[in-house]
Amino acid sequence: MHINKLVVVGVGHVGSYVLADAMKVGLFGEIGVIDILEDVAYGEALDQAQATAMTYMNNINITSGGYEQCADADVIIVAAGPSVIPDPNNPKAEPDRALLTQTNCSVIREVMSGITQYTKEAIVILITNPLDTMVYIAENEFSYPKGRVFGTGTMLDSARLRHLVAQTYDVDPKSISGYMMGEHGKTAFPVLSHLSIAGIPFDDLENYFTANADIKNPENVKKEIISAAYKVLNGKGWTNAGVAQAAITMAKAVLLDEKSVYPASTTLHGQYHHDGDVALSMPCIIGREGILKQIPVTLNAWEYEKLEESIAYIQETMKDAKTGIEFIK
């Protein structure tokens, strides 16, 4: 009998939240925990194991240890490495995730080396920032099967977009179809040309709903969504709840072979005139084998300009990570 298994690599602020969400989702019978701080991994695993005795908790086998736990994993979620931190001298600062590049590219290479000693079958979902560069390294430097490594990408950015639109038109955000594309970072952009509420296109919304703010300018929407992340960061010192839920949502799509469409970060293979030279977020169909299909939606002139800006920025970060590729200009 097959028992679904998750491995969480890195259980800091983000990874511990991933673990907590995974305990409650009802999809996993086994969860392995890995952290460079072995005592932390042990403590998190034991804490959650003890919680399984609570009435409404799922009875899951929780272990801690090394990468040998990956050998029979179905899904591996990687949240290893440091995250951006607030500037104590500027409570409104918006530090760039790319500042983590040199540190975290070493972390991801170490993590992927550990994983690939034991498996190239598990679906690997990355959270570590700067995400798109980390995805590119993990996807392309370790001979991992195509589609089986991807990042949470702009899942969280897209949730923030839908939340903004929901607040503006006073509707449930789950009634909104819309997403951000590009970098998970300051160059992410809203694809308003494909946003809708109940099938009603963005440009027609005010014919059906009353807006309590002006969000018609895509540049302003972009700035608002980027700043939304830093309101959380500067408020409590880190972000974790939203991105953890994004990772678990993607894991669910994998385990249930949902064929859900989410904006995942993955290497381009011919889309938007780029082939193997960048990873970024675009709508993707996700199922049991990982990324089943990338969907290169048609973009308007503003969106395409922002896509190219995002690609250029990600590629500069990739150079810092010494990915060793020749960029296609």
# chains A, B, ... in the order shown; residues from 1 in each chain; ligands from 1
$ residues_around --residues "Glu44 in chain A" --least-positions-apart "3" --cutoff "12 Å" --atoms "only C-alpha atoms" --output "NGL selection string"
:A and (8-13 or 15-20 or 23 or 31-35 or 37-41 or 47-51 or 62-65)
$ write_last_selection --atoms "N, CA and C atoms" --output "compact mmCIF listing (two decimals), in the first residue's frame"
# COMPACT_ATOMS: atom_id res chain seq x y z
N VAL A 8 10.10 18.09 3.99
CA VAL A 8 10.28 19.54 4.07
C VAL A 8 11.74 19.81 4.39
N VAL A 9 12.41 20.55 3.50
CA VAL A 9 13.82 20.88 3.70
C VAL A 9 13.92 22.34 4.13
N GLY A 10 14.38 22.54 5.37
CA GLY A 10 14.45 23.88 5.93
C GLY A 10 13.18 24.20 6.71
N VAL A 11 13.30 24.28 8.04
CA VAL A 11 12.10 24.53 8.85
C VAL A 11 12.28 25.78 9.73
N GLY A 12 12.65 26.86 9.05
CA GLY A 12 12.65 28.16 9.70
C GLY A 12 11.23 28.71 9.71
N HIS A 13 11.09 30.04 9.60
CA HIS A 13 9.76 30.65 9.63
C HIS A 13 8.85 30.08 8.55
N GLY A 15 9.45 27.17 6.42
CA GLY A 15 9.34 25.71 6.41
C GLY A 15 8.51 25.16 7.55
N SER A 16 8.59 25.79 8.73
CA SER A 16 7.78 25.32 9.86
C SER A 16 6.30 25.54 9.59
N TYR A 17 5.99 26.61 8.86
CA TYR A 17 4.59 26.87 8.50
C TYR A 17 4.12 25.87 7.43
N VAL A 18 5.02 25.52 6.50
CA VAL A 18 4.71 24.47 5.52
C VAL A 18 4.39 23.17 6.24
N LEU A 19 5.22 22.83 7.21
CA LEU A 19 5.02 21.61 7.98
C LEU A 19 3.68 21.63 8.71
N ALA A 20 3.36 22.76 9.33
CA ALA A 20 2.09 22.87 10.06
C ALA A 20 0.89 22.73 9.13
N MET A 23 0.43 19.12 8.00
CA MET A 23 -0.15 18.26 9.04
C MET A 23 -1.67 18.24 8.98
N ILE A 31 5.74 12.40 6.89
CA ILE A 31 6.43 13.65 6.62
C ILE A 31 7.83 13.57 7.22
N GLY A 32 8.83 13.84 6.40
CA GLY A 32 10.21 13.91 6.86
C GLY A 32 10.66 15.36 6.96
N VAL A 33 11.48 15.66 7.95
CA VAL A 33 11.95 17.03 8.18
C VAL A 33 13.48 17.05 8.13
N ILE A 34 14.02 17.99 7.36
CA ILE A 34 15.47 18.15 7.23
C ILE A 34 15.82 19.61 7.50
N ASP A 35 16.84 19.84 8.29
CA ASP A 35 17.35 21.19 8.50
C ASP A 35 18.82 21.11 8.83
N LEU A 37 20.25 22.71 10.96
CA LEU A 37 20.25 22.66 12.43
C LEU A 37 19.46 21.41 12.83
N GLU A 38 20.19 20.33 13.07
CA GLU A 38 19.54 19.05 13.30
C GLU A 38 18.61 19.06 14.52
N ASP A 39 18.98 19.81 15.54
CA ASP A 39 18.14 19.89 16.73
C ASP A 39 16.81 20.58 16.42
N VAL A 40 16.87 21.57 15.54
CA VAL A 40 15.64 22.26 15.15
C VAL A 40 14.72 21.31 14.38
N ALA A 41 15.30 20.55 13.44
CA ALA A 41 14.51 19.57 12.70
C ALA A 41 13.88 18.56 13.65
N ASP A 47 7.50 18.08 17.99
CA ASP A 47 6.40 18.96 18.35
C ASP A 47 5.14 18.58 17.57
N GLN A 48 5.30 18.38 16.27
CA GLN A 48 4.16 18.01 15.44
C GLN A 48 3.68 16.59 15.73
N ALA A 49 4.62 15.69 16.01
CA ALA A 49 4.24 14.32 16.33
C ALA A 49 3.39 14.28 17.59
N GLN A 50 3.78 15.06 18.58
CA GLN A 50 3.00 15.11 19.82
C GLN A 50 1.60 15.68 19.59
N ALA A 51 1.51 16.60 18.63
CA ALA A 51 0.21 17.22 18.33
C ALA A 51 -0.76 16.24 17.68
N ILE A 62 5.87 11.32 11.64
CA ILE A 62 6.79 12.44 11.43
C ILE A 62 8.19 12.00 11.82
N THR A 63 9.15 12.23 10.94
CA THR A 63 10.54 11.89 11.23
C THR A 63 11.44 13.08 10.96
N SER A 64 12.63 13.05 11.53
CA SER A 64 13.66 14.04 11.20
C SER A 64 14.93 13.28 10.90
N GLY A 65 15.80 13.90 10.10
CA GLY A 65 17.04 13.23 9.74
C GLY A 65 17.66 13.86 8.52
$ residues_around --residues "Ile123 in chain A" --least-positions-apart "3" --cutoff "7 Å" --atoms "only C-alpha atoms" --output "PyMOL selection string"
chain A and resi 74-76+148-149+290
$ residues_around --residues "range 188-197 of chain A" --least-positions-apart "2" --cutoff "10 Å" --atoms "only C-alpha atoms" --output "PyMOL selection string"
chain A and resi 153-154+157-158+161-162+165-166+169+171-186+199-205+208-209+216-219+221-223+225-226+280-281+297-300+302-304+306-307+309-311
$ select_by_dssp --residues "range 52-274 of chain A" --states "helix (DSSP H, G or I)" --output "PyMOL selection string"
chain A and resi 67-70+97-116+131-140+155-169+173-175+192-194+202-207+218-236+241-255+271-273
$ closest_residue --among "A:Asn59, A:Gln245, A:Asn207, A:Thr323" --to "Asp277 in chain A" --atoms "only C-alpha atoms"
A:Thr323
